[in-house]
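coords_1.cif follows (mmCIF, C-alpha atoms):
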```
data_data
#
loop_
_atom_site.label_atom_id
_atom_site.label_comp_id
_atom_site.auth_asym_id
_atom_site.auth_seq_id
_atom_site.Cartn_x
_atom_site.Cartn_y
_atom_site.Cartn_z
CA MET A 32 -10.22 17.73 9.24
CA PRO A 33 -7.42 15.76 10.96
CA ASN A 34 -4.28 17.64 12.02
CA ILE A 35 -1.28 15.37 11.61
CA LEU A 36 1.98 16.18 13.38
CA ILE A 37 5.11 14.76 11.74
CA VAL A 38 8.13 14.74 14.04
CA GLU A 39 11.24 13.93 12.02
CA ASP A 40 14.69 15.49 11.77
CA SER A 41 15.27 14.41 8.17
CA PRO A 42 13.69 16.84 5.67
CA THR A 43 13.58 14.01 3.10
CA MET A 44 11.51 11.81 5.39
CA ARG A 45 9.33 14.71 6.51
CA GLN A 46 8.51 15.46 2.89
CA LEU A 47 7.86 11.81 2.04
CA ILE A 48 5.59 11.23 5.05
CA SER A 49 3.81 14.53 4.44
CA PHE A 50 3.36 13.61 0.78
CA THR A 51 1.74 10.33 1.85
CA VAL A 52 -0.58 11.52 4.62
CA LYS A 53 -1.81 14.52 2.65
CA ARG A 54 -3.80 11.97 0.65
CA ILE A 55 -6.18 11.73 3.62
CA PRO A 56 -9.08 14.03 2.72
CA GLU A 57 -8.97 17.46 4.36
CA SER A 58 -5.89 16.56 6.39
CA ARG A 59 -3.46 19.23 7.51
CA VAL A 60 0.18 18.47 8.12
CA ILE A 61 2.24 20.19 10.81
CA GLU A 62 5.97 19.49 10.89
CA ALA A 63 8.41 19.40 13.78
CA THR A 64 12.13 18.62 13.65
CA ASP A 65 12.51 17.04 17.12
CA GLY A 66 10.67 16.28 20.36
CA VAL A 67 10.98 19.78 21.78
CA ASP A 68 9.71 21.35 18.58
CA ALA A 69 6.85 18.80 18.61
CA PHE A 70 5.82 19.86 22.11
CA LYS A 71 5.72 23.51 21.01
CA LYS A 72 3.45 22.52 18.10
CA LEU A 73 1.24 20.52 20.45
CA SER A 74 0.65 23.56 22.61
CA SER A 75 -0.21 25.81 19.67
CA GLU A 76 -2.23 23.43 17.46
CA LYS A 77 -4.98 20.90 18.00
CA ILE A 78 -3.23 17.68 16.98
CA ASP A 79 -5.17 14.52 16.11
CA ILE A 80 -2.29 12.13 15.50
CA ILE A 81 1.51 12.13 15.86
CA LEU A 82 3.94 10.37 13.51
CA ALA A 83 7.37 10.43 15.16
CA ASP A 84 10.86 9.21 14.42
CA ILE A 85 12.88 7.72 17.29
CA ASN A 86 16.41 8.91 16.58
CA MET A 87 16.30 12.69 16.67
CA PRO A 88 18.53 15.38 18.15
CA VAL A 89 17.52 17.48 21.19
CA MET A 90 14.68 15.16 22.25
CA ASP A 91 14.19 11.69 20.78
CA GLY A 92 10.92 10.02 19.88
CA LEU A 93 10.74 7.75 22.94
CA LYS A 94 11.09 10.69 25.31
CA LEU A 95 8.40 12.51 23.34
CA VAL A 96 6.00 9.53 23.71
CA SER A 97 6.60 9.42 27.48
CA LEU A 98 5.94 13.14 27.83
CA VAL A 99 2.81 13.04 25.67
CA ARG A 100 1.39 10.08 27.61
CA GLY A 101 2.14 11.86 30.87
CA ASN A 102 0.38 15.05 29.86
CA VAL A 103 -3.27 15.34 30.76
CA HIS A 104 -4.09 17.33 27.60
CA TYR A 105 -2.29 15.15 25.03
CA LYS A 106 -2.31 11.66 26.59
CA ASN A 107 -4.99 10.32 24.25
CA ILE A 108 -3.38 11.41 20.98
CA PRO A 109 -2.43 8.33 18.94
CA ILE A 110 1.28 8.03 18.17
CA ILE A 111 2.91 6.07 15.35
CA MET A 112 6.65 5.56 15.55
CA ILE A 113 8.46 5.56 12.20
CA THR A 114 12.04 4.44 12.61
CA THR A 115 15.03 2.60 11.20
CA GLU A 116 15.24 0.54 14.41
CA GLY A 117 13.93 -2.82 13.28
CA ALA A 118 14.81 -4.96 16.31
CA GLU A 119 11.88 -6.54 18.14
CA GLU A 120 13.03 -5.19 21.54
CA ASP A 121 12.96 -1.61 20.18
CA LYS A 122 9.41 -2.13 19.02
CA LYS A 123 8.35 -3.64 22.37
CA LYS A 124 9.97 -0.74 24.22
CA ALA A 125 8.16 1.88 22.12
CA LEU A 126 4.80 0.14 22.48
CA ALA A 127 5.34 -0.34 26.22
CA ILE A 128 5.81 3.38 26.83
CA GLY A 129 2.65 4.20 24.95
CA ALA A 130 3.17 4.28 21.17
CA ASN A 131 0.11 2.95 19.33
CA ALA A 132 1.97 1.53 16.37
CA TYR A 133 5.50 0.95 15.12
CA LEU A 134 6.62 1.19 11.50
CA THR A 135 10.13 0.56 10.22
CA LYS A 136 11.83 2.45 7.40
CA PRO A 137 11.76 2.30 4.47
CA ILE A 138 8.02 2.85 4.82
CA MET A 139 5.31 1.70 2.44
CA SER A 140 2.79 4.46 1.85
CA GLN A 141 -0.20 2.05 1.82
CA GLU A 142 0.78 0.63 5.20
CA LEU A 143 1.23 4.08 6.73
CA LEU A 144 -2.05 5.38 5.30
CA LYS A 145 -3.97 2.34 6.52
CA LEU A 146 -2.55 2.75 10.02
CA VAL A 147 -3.21 6.51 10.20
CA ASN A 148 -6.77 6.07 8.90
CA SER A 149 -7.49 3.27 11.34
CA LEU A 150 -6.20 5.25 14.35
CA LEU A 151 -8.10 8.37 13.23
CA SER A 152 -11.34 6.41 12.92
CA SER A 153 -10.78 4.85 16.36
CA ILE A 154 -10.65 8.41 17.80
CA LYS A 155 -13.90 9.25 15.99
CA SER A 156 -15.66 6.17 17.34
CA ASP A 157 -14.45 6.95 20.90
CA THR A 158 -15.87 10.49 20.84
CA MET B 120 -117.72 -64.20 -17.34
CA GLU B 121 -116.70 -62.25 -20.37
CA LYS B 122 -116.35 -59.21 -18.14
CA ASN B 123 -114.02 -61.18 -15.86
CA SER B 124 -111.82 -62.34 -18.70
CA SER B 125 -111.51 -58.79 -20.10
CA LEU B 126 -110.49 -57.57 -16.64
CA ALA B 127 -107.90 -60.31 -16.37
CA LYS B 128 -106.61 -59.38 -19.82
CA LYS B 129 -106.35 -55.74 -18.85
CA ALA B 130 -104.60 -56.70 -15.61
CA ASP B 131 -102.19 -58.83 -17.55
CA GLU B 132 -101.55 -56.00 -20.01
CA PHE B 133 -101.02 -53.62 -17.10
CA LEU B 134 -98.65 -56.11 -15.46
CA GLN B 135 -96.73 -56.40 -18.65
CA ILE B 136 -96.61 -52.64 -19.06
CA PHE B 137 -95.55 -52.41 -15.44
CA LYS B 138 -92.80 -55.03 -16.05
CA LYS B 139 -91.69 -53.17 -19.12
CA GLY B 140 -91.73 -49.97 -17.03
CA GLU B 141 -89.69 -51.80 -14.38
CA GLU B 142 -87.20 -53.03 -16.98
CA PHE B 143 -87.05 -49.59 -18.51
CA THR B 144 -86.43 -48.06 -15.07
CA LYS B 145 -83.72 -50.66 -14.41
CA ASP B 146 -82.14 -49.81 -17.77
CA LEU B 147 -82.36 -46.13 -16.94
CA ILE B 148 -80.72 -46.72 -13.54
CA LYS B 149 -77.96 -48.77 -15.23
CA GLU B 150 -77.47 -46.14 -17.86
CA ASN B 151 -77.40 -43.51 -15.14
CA GLU B 152 -74.77 -45.46 -13.23
CA LYS B 153 -72.74 -45.85 -16.41
CA LEU B 154 -72.99 -42.15 -17.07
CA ARG B 155 -72.05 -41.33 -13.49
CA PHE B 156 -69.05 -43.62 -13.76
CA ARG B 157 -68.07 -42.05 -17.06
CA LEU B 158 -68.49 -38.59 -15.58
CA ALA B 159 -66.32 -39.55 -12.64
CA GLN B 160 -63.73 -40.92 -15.08
CA LEU B 161 -63.87 -37.76 -17.13
CA GLU B 162 -63.60 -35.57 -14.05
CA GLU B 163 -60.63 -37.58 -12.85
CA ALA B 164 -59.00 -37.37 -16.28
CA LEU B 165 -59.68 -33.66 -16.41
CA GLN B 166 -58.12 -33.19 -12.96
CA LYS B 167 -55.14 -35.29 -13.96
CA SER B 168 -54.61 -33.34 -17.15
CA GLY B 169 -54.83 -30.06 -15.12
CA ASN B 170 -52.08 -31.24 -12.71
CA GLU B 171 -49.85 -32.28 -15.55
CA GLU B 172 -50.31 -28.92 -17.19
CA ARG B 173 -49.44 -27.23 -13.92
CA ILE B 174 -46.43 -29.54 -13.45
CA ARG B 175 -45.32 -28.76 -16.99
CA LEU B 176 -45.65 -25.06 -16.25
CA TYR B 177 -43.72 -25.46 -13.01
CA GLU B 178 -41.02 -27.42 -14.78
CA ASP B 179 -40.71 -24.71 -17.43
CA ARG B 180 -40.52 -22.07 -14.72
CA LEU B 181 -37.88 -24.10 -12.87
CA ARG B 182 -35.88 -24.46 -16.08
CA MET B 183 -36.07 -20.71 -16.63
CA LEU B 184 -35.07 -19.98 -13.03
CA ASP B 185 -32.25 -22.47 -13.31
CA GLU B 186 -30.98 -20.74 -16.46
CA GLU B 187 -31.36 -17.37 -14.78
CA LEU B 188 -29.42 -18.64 -11.77
CA LYS B 189 -26.70 -20.00 -14.03
CA SER B 190 -26.44 -16.69 -15.85
CA LEU B 191 -26.41 -14.78 -12.54
CA LEU B 192 -23.71 -17.07 -11.19
CA GLU B 193 -21.72 -16.54 -14.37
CA ARG B 194 -22.12 -12.78 -14.05
CA TYR B 195 -21.18 -12.97 -10.37
CA ARG B 196 -18.04 -14.94 -11.28
CA LYS B 197 -17.15 -12.36 -13.91
CA VAL B 198 -17.74 -9.47 -11.49
CA GLU B 199 -15.66 -11.28 -8.89
CA GLU B 200 -12.86 -11.73 -11.41
CA GLU B 201 -13.12 -8.06 -12.38
CA ASN B 202 -13.05 -7.18 -8.71
CA LYS B 203 -9.90 -9.23 -8.19
CA ASP B 204 -8.43 -7.59 -11.27
CA PHE B 205 -9.30 -4.13 -9.94
CA ALA B 206 -7.89 -5.00 -6.51
CA SER B 207 -4.59 -6.17 -7.98
CA LYS B 208 -4.50 -3.09 -10.25
CA TYR B 209 -5.17 -0.91 -7.20
CA VAL B 210 -2.25 -2.52 -5.37
CA GLU B 211 -0.06 -2.01 -8.46
CA ILE B 212 -1.09 1.65 -8.73
CA GLU B 213 -0.52 2.17 -5.01
CA THR B 214 2.95 0.62 -5.28
CA GLU B 215 3.66 2.76 -8.32
CA ASN B 216 2.41 5.79 -6.43
CA ASN B 217 4.67 4.91 -3.52
CA ASN B 218 7.61 4.52 -5.89
CA LEU B 219 6.92 7.82 -7.64
CA ALA B 220 6.59 9.59 -4.29
CA ASN B 221 9.96 8.19 -3.23
CA LEU B 222 11.60 9.21 -6.49
CA TYR B 223 9.97 12.65 -6.47
CA VAL B 224 11.04 13.36 -2.89
CA ALA B 225 14.57 12.07 -3.50
CA SER B 226 14.97 14.13 -6.65
CA TYR B 227 13.34 17.23 -5.08
CA GLN B 228 15.60 17.07 -2.03
CA LEU B 229 18.78 16.45 -4.04
CA HIS B 230 18.23 19.62 -6.06
CA SER B 231 16.93 21.71 -3.17
CA THR B 232 20.31 23.10 -2.20
CA LEU B 233 23.65 24.15 -3.63
CA ASP B 234 25.52 23.57 -0.43
CA PHE B 235 27.94 20.65 -0.82
CA ASN B 236 27.54 19.40 2.78
CA ASP B 237 23.75 19.63 2.56
CA VAL B 238 23.77 17.61 -0.65
CA LEU B 239 25.90 14.94 1.02
CA ARG B 240 23.51 14.90 3.99
CA ILE B 241 20.55 14.48 1.64
CA VAL B 242 22.28 11.60 -0.17
CA LEU B 243 22.80 9.92 3.22
CA GLU B 244 19.15 10.52 4.18
CA ILE B 245 17.92 8.98 0.93
CA VAL B 246 20.12 5.91 1.26
CA ILE B 247 19.15 5.43 4.93
CA ASN B 248 15.44 6.23 4.81
CA LEU B 249 14.33 5.33 1.31
CA ILE B 250 16.61 2.40 0.55
CA GLY B 251 17.12 1.13 4.11
CA ALA B 252 20.91 0.91 4.21
CA GLU B 253 22.59 0.67 7.59
CA LYS B 254 26.27 0.95 6.67
CA PHE B 255 27.49 2.73 3.59
CA ALA B 256 29.93 5.29 2.28
CA VAL B 257 29.94 8.02 -0.36
CA MET B 258 33.28 8.21 -2.11
CA LEU B 259 34.35 10.91 -4.54
CA MET B 260 36.98 10.78 -7.23
CA ASP B 261 40.19 12.69 -6.68
CA GLU B 262 41.14 13.59 -10.26
CA LYS B 263 44.75 14.27 -9.26
CA THR B 264 45.48 10.92 -7.63
CA ASN B 265 42.85 8.92 -9.55
CA GLU B 266 41.56 7.57 -6.26
CA LEU B 267 38.17 7.31 -4.64
CA ILE B 268 38.17 9.17 -1.32
CA PRO B 269 35.43 8.60 1.32
CA VAL B 270 33.61 11.89 2.04
CA ALA B 271 30.56 10.75 4.01
CA THR B 272 29.63 7.57 5.84
CA GLU B 273 26.79 6.08 7.85
CA GLY B 274 27.19 3.28 10.39
CA LEU B 275 30.96 3.43 9.88
CA SER B 276 33.63 6.04 10.45
CA LEU B 277 35.51 7.66 7.56
CA ASP B 278 38.71 6.00 8.84
CA GLU B 279 37.22 2.56 8.30
CA ILE B 280 36.88 3.15 4.56
CA PRO B 281 40.15 2.91 2.67
CA LYS B 282 40.94 4.98 -0.43
CA VAL B 283 40.44 2.96 -3.59
CA LYS B 284 42.43 3.17 -6.84
CA ILE B 285 40.35 3.24 -10.01
CA GLY B 286 40.01 -0.28 -11.39
CA GLU B 287 41.06 -1.94 -8.12
CA GLY B 288 38.68 -4.37 -6.43
CA THR B 289 34.88 -4.24 -6.67
CA ILE B 290 34.60 -0.51 -5.90
CA GLY B 291 37.45 0.51 -8.22
CA LYS B 292 35.94 -1.60 -11.00
CA VAL B 293 32.53 0.09 -10.63
CA ALA B 294 34.22 3.50 -10.89
CA LYS B 295 36.20 2.42 -13.94
CA GLU B 296 33.38 0.71 -15.84
CA ALA B 297 30.57 3.03 -14.69
CA GLU B 298 28.33 0.00 -14.08
CA SER B 299 26.47 -0.73 -10.83
CA TYR B 300 27.44 -3.79 -8.82
CA PHE B 301 24.93 -5.91 -6.87
CA SER B 302 26.19 -8.88 -4.86
CA GLU B 303 24.17 -12.07 -4.86
CA THR B 304 23.35 -11.80 -1.18
CA THR B 305 21.86 -8.93 0.76
CA ALA B 306 21.72 -10.91 4.02
CA TYR B 307 22.41 -8.94 7.18
CA ALA B 308 26.03 -9.19 8.30
CA SER B 309 27.38 -7.65 11.47
CA GLU B 310 30.97 -7.71 10.18
CA THR B 311 31.87 -5.18 7.49
CA ASP B 312 34.49 -5.66 4.84
CA ALA B 313 35.08 -2.16 3.47
CA THR B 314 36.42 -3.50 0.18
CA ASN B 315 33.46 -5.80 -0.48
CA PRO B 316 30.18 -3.90 -0.60
CA ILE B 317 26.87 -5.63 -1.27
CA VAL B 318 25.94 -2.78 -3.65
CA CYS B 319 28.13 -0.22 -5.37
CA ILE B 320 26.59 2.55 -7.48
CA PRO B 321 28.67 4.80 -9.71
CA LEU B 322 27.83 8.51 -9.43
CA LYS B 323 28.03 9.61 -13.01
CA ILE B 324 27.32 12.64 -15.15
CA LYS B 325 26.65 11.13 -18.56
CA GLU B 326 29.49 8.57 -18.64
CA HIS B 327 31.90 10.52 -16.46
CA VAL B 328 32.14 8.92 -13.01
CA ILE B 329 32.64 11.42 -10.18
CA GLY B 330 32.36 8.91 -7.32
CA VAL B 331 30.51 5.89 -5.92
CA ILE B 332 28.09 4.93 -3.18
CA SER B 333 29.13 1.67 -1.52
CA ILE B 334 26.55 -0.09 0.63
CA TYR B 335 27.90 -2.67 3.11
CA SER B 336 24.77 -3.73 4.97
CA LEU B 337 21.02 -3.14 5.11
CA PHE B 338 18.76 -2.78 8.13
CA VAL B 339 17.56 -6.01 9.78
CA GLN B 340 14.04 -5.44 8.48
CA LYS B 341 15.26 -4.90 4.91
CA THR B 342 15.79 -8.37 3.54
CA GLU B 343 15.85 -7.70 -0.19
CA PHE B 344 15.74 -4.94 -2.76
CA SER B 345 12.47 -3.97 -4.37
CA ASN B 346 11.91 -2.44 -7.80
CA VAL B 347 11.83 1.07 -6.37
CA ASP B 348 15.29 0.50 -4.84
CA TYR B 349 16.75 -0.10 -8.29
CA GLU B 350 14.94 3.03 -9.53
CA LEU B 351 16.40 4.93 -6.58
CA PHE B 352 19.86 3.58 -7.37
CA ASN B 353 19.47 4.82 -10.96
CA LEU B 354 18.20 8.17 -9.71
CA LEU B 355 21.08 8.47 -7.27
CA ALA B 356 23.59 7.53 -9.96
CA GLY B 357 22.51 10.48 -12.07
CA HIS B 358 20.85 13.07 -9.85
CA ALA B 359 23.13 12.70 -6.82
CA ALA B 360 26.13 13.00 -9.11
CA THR B 361 24.79 16.20 -10.68
CA ALA B 362 23.80 17.63 -7.30
CA ILE B 363 27.18 16.80 -5.72
CA PHE B 364 29.12 18.10 -8.73
CA SER B 365 27.17 21.37 -9.08
CA SER B 366 27.23 22.07 -5.32
CA LYS B 367 30.97 21.41 -5.28
CA LEU B 368 31.46 23.83 -8.18
CA TYR B 369 29.18 26.37 -6.54
CA THR B 370 31.03 26.13 -3.21
CA GLN B 371 34.36 26.46 -5.02
CA SER B 372 33.16 29.45 -7.06
CA GLU B 373 31.75 31.07 -3.89
CA ARG B 374 35.11 30.60 -2.22
CA LYS B 375 36.91 32.02 -5.27
CA LEU B 376 34.48 34.93 -5.42
CA THR B 377 35.13 35.73 -1.76
CA THR B 378 38.90 35.57 -2.39
CA ILE B 379 38.63 37.82 -5.46
CA GLN B 380 36.33 40.21 -3.59
CA SER B 381 38.81 40.40 -0.70
CA PHE B 382 41.60 40.97 -3.19
CA LEU B 383 39.62 43.75 -4.92
CA ASP B 384 38.80 45.33 -1.55
CA LEU B 385 42.50 45.23 -0.68
CA LEU B 386 43.39 46.84 -4.02
CA LYS B 387 40.75 49.55 -3.48
CA ASP B 388 42.17 50.25 -0.04
CA ARG B 389 45.68 50.52 -1.43
CA THR B 390 44.72 52.72 -4.40
CA GLY B 391 42.55 54.80 -2.05
CA LYS B 392 45.58 55.44 0.12
#
```

Serialized structure, structure tokens:
Amino acid sequence: MPNILIVEDSPTMRQLISFTVKRIPESRVIEATDGVDAFKKLSSEKIDIILADINMPVMDGLKLVSLVRGNVHYKNIPIIMITTEGAEEDKKKALAIGANAYLTKPIMSQELLKLVNSLLSSIKSDT
Amino acid sequence: MEKNSSLAKKADEFLQIFKKGEEFTKDLIKENEKLRFRLAQLEEALQKSGNEERIRLYEDRLRMLDEELKSLLERYRKVEEENKDFASKYVEIETENNNLANLYVASYQLHSTLDFNDVLRIVLEIVINLIGAEKFAVMLMDEKTNELIPVATEGLSLDEIPKVKIGEGTIGKVAKEAESYFSETTAYASETDATNPIVCIPLKIKEHVIGVISIYSLFVQKTEFSNVDYELFNLLAGHAATAIFSSKLYTQSERKLTTIQSFLDLLKDRTGK
């Protein structure tokens, strides 16, 4: 039963991403509105994968990735960035600080599902 | 003497019988050889005919296997075609599913609030996240001046968007004719001409236009519009208009209600005194 954390300030995007990933059997979606909120959810729930936006108030997605990678408890959680920033340097930056994948908006549900499934199965095969 | 001649006669007879016996034996040996030869011939013929029969059987079996292989290959080709058909149908269904999810979420969010500012924020979110627009403006009709006034923008400031008279330029024409405008190019442009959008959608309730959404540029990664974008434009044209209009009315009526309530409270206070 994978627990999926969606970190996104836009309720429209949160609902759309949630709608998509809930198609993964037995998945449970946990929502956070920014990086700080995401960290609170990480401490109270066992999270299997994080889907995070970059541009968010309070704490942005890049800062969240750095903090997650620097934390001994959460450093191995896969992170997918979902953002409007389509420039190649933004993608490189996100991947360099530890994001596992980078998707640009508007998202295609098939692409997102494929990515989430593949990262979830890579966790399974590691354990 | 007579005895000697009879002996010689008997010996001669015996010799003749012996010769005949010899000839007969020779004939028998010849006949035997002939028969052996014939037997060998027959055996050879029999063996040959057995091989041919087996070859014929093998050939029949090969023919059958060949036909079976052909039919299996034909079935495999058909299954492969069906598979391709299913795969393309699956992609179609997935795309349709994606489109429906987008439309459902957009529609759900638009009607999730009666707060005017929230509705405007949701319209912006839809245009940014679901369509992929980088710079755009929402303009509403001022019934008194017959002008389109910018009320919300993304990627631009409100000051950068001029007011537009109904019927004037691309935006004014869209508001007047209640028909969407799509420019021929959607190529990314860093410079923005606020009077020349690449897309302009009328916000209309039935045929009454209450405003427009003007898109000036798309994100770098968004190179063209897909079918769902046109569906979203249609949805925005109707649902965003209704949501904006009803939230505006609700906000106005709330304000009026508060004013009336304050007035009534004031009256109560005065009559109470």

Exercise. Take the PyMOL selection byres ((chain A and resi 90-98) around 9), apply it to the structure above, and return the hits as a list in words.
Key: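 For this structure, the PyMOL selection byres ((chain A and resi 90-98) around 9) captures Val38, Glu39, Asp65, Gly66, Val67, Asp68, Ala69, Phe70, Ala83, Asp84, Ile85, Asn86, Met87, Pro88, Val89, Val99, Arg100, Gly101, Asn102, Tyr105, Lys106, Ile110, Met112, Lys124, Ala125, Ile128, Gly129 and Ala130 of chain A.
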
Discussion item. Which residue is closest to B:Glu326? Choose from B:Glu303, B:Lys341, B:Tyr177, B:Thr361 and count only C-alpha atoms.
Written reply: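 For B:Glu326, the nearest of the candidates is B:Thr361.
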
Between A:Val60, A:Ile138, A:Ala132, A:Ile80, smallest distance to chain B by all atoms listed in the file belongs to A:Ile138

Here's the selection I'm unsure about, the PyMOL selection byres ((chain A) within 10 of (chain B)); applied to the file above, which residues does it give, as a PyMOL selection string? chain A and resi 41-48+50-51+114-119+135-141

- Item | Expansion of the PyMOL selection byres ((chain B and resi 257-273) around 7) into residues, as a PyMOL selection string | chain B and resi 239+253-256+274-277+280+282-285+329-333

request  = Work out how far apart atom CA of B:Asp312 and atom CA of B:Glu279 are and give it in Å to one decimal.
outcome  =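 One can read the atom CA of B:Asp312 to atom CA of B:Glu279 distance as 9.3 Å.
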
Select, from A:Ser75, A:Ser153, A:Asn148, A:Asn131, the residue with the minimum atom-to-atom distance to A:Ser58, counting all atoms listed in the file.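 Going through A:Ser75, A:Ser153, A:Asn148, A:Asn131 one by one, the smallest distance to A:Ser58 is for A:Asn148.
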
Restricting to all atoms listed in the file, whichever of A:Asp40, A:Glu57, A:Glu62, A:Asp79 is closest to A:Ile154 is A:Asp79

_Just the number, please: distance in Å from atom CA of B:Ile363 to atom CA of B:Asp237, one decimal._
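Separating atom CA of B:Ile363 from atom CA of B:Asp237 is a distance of 9.4 Å.
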
Fill in: Coordinates-based distance that separates atom CA of B:Cys319 from atom CA of B:Lys295 (Å, one decimal)
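These two atoms are separated by 12.1 Å.
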
As JSON, numbers by chain, please: the residues near B:Val318 (cut-off 6 Å, all atoms listed in the file, same-chain neighbours under 6 positions excluded). {"B": [300, 301, 333, 334]}

For the selection you just gave me, I'd like the residues written to a file as an mmCIF file, in the frame of the given file, keeping C-alpha atoms.
```cif
data_model
loop_
_atom_site.group_PDB
_atom_site.id
_atom_site.type_symbol
_atom_site.label_atom_id
_atom_site.label_comp_id
_atom_site.auth_asym_id
_atom_site.auth_seq_id
_atom_site.Cartn_x
_atom_site.Cartn_y
_atom_site.Cartn_z
ATOM 1 C CA TYR B 300 27.440 -3.790 -8.820
ATOM 2 C CA PHE B 301 24.930 -5.910 -6.870
ATOM 3 C CA SER B 333 29.130 1.670 -1.520
ATOM 4 C CA ILE B 334 26.550 -0.090 0.630
#
```

Need the shell around A:Val147: protein/DNA/RNA residues with any atom at most 10 Å away, counting all atoms listed in the file. Skip same-chain ones fewer than 2 positions apart. Format as a ChimeraX atom specification?
/A:35,52,55,80-82,109-111,132,141-145,149-153
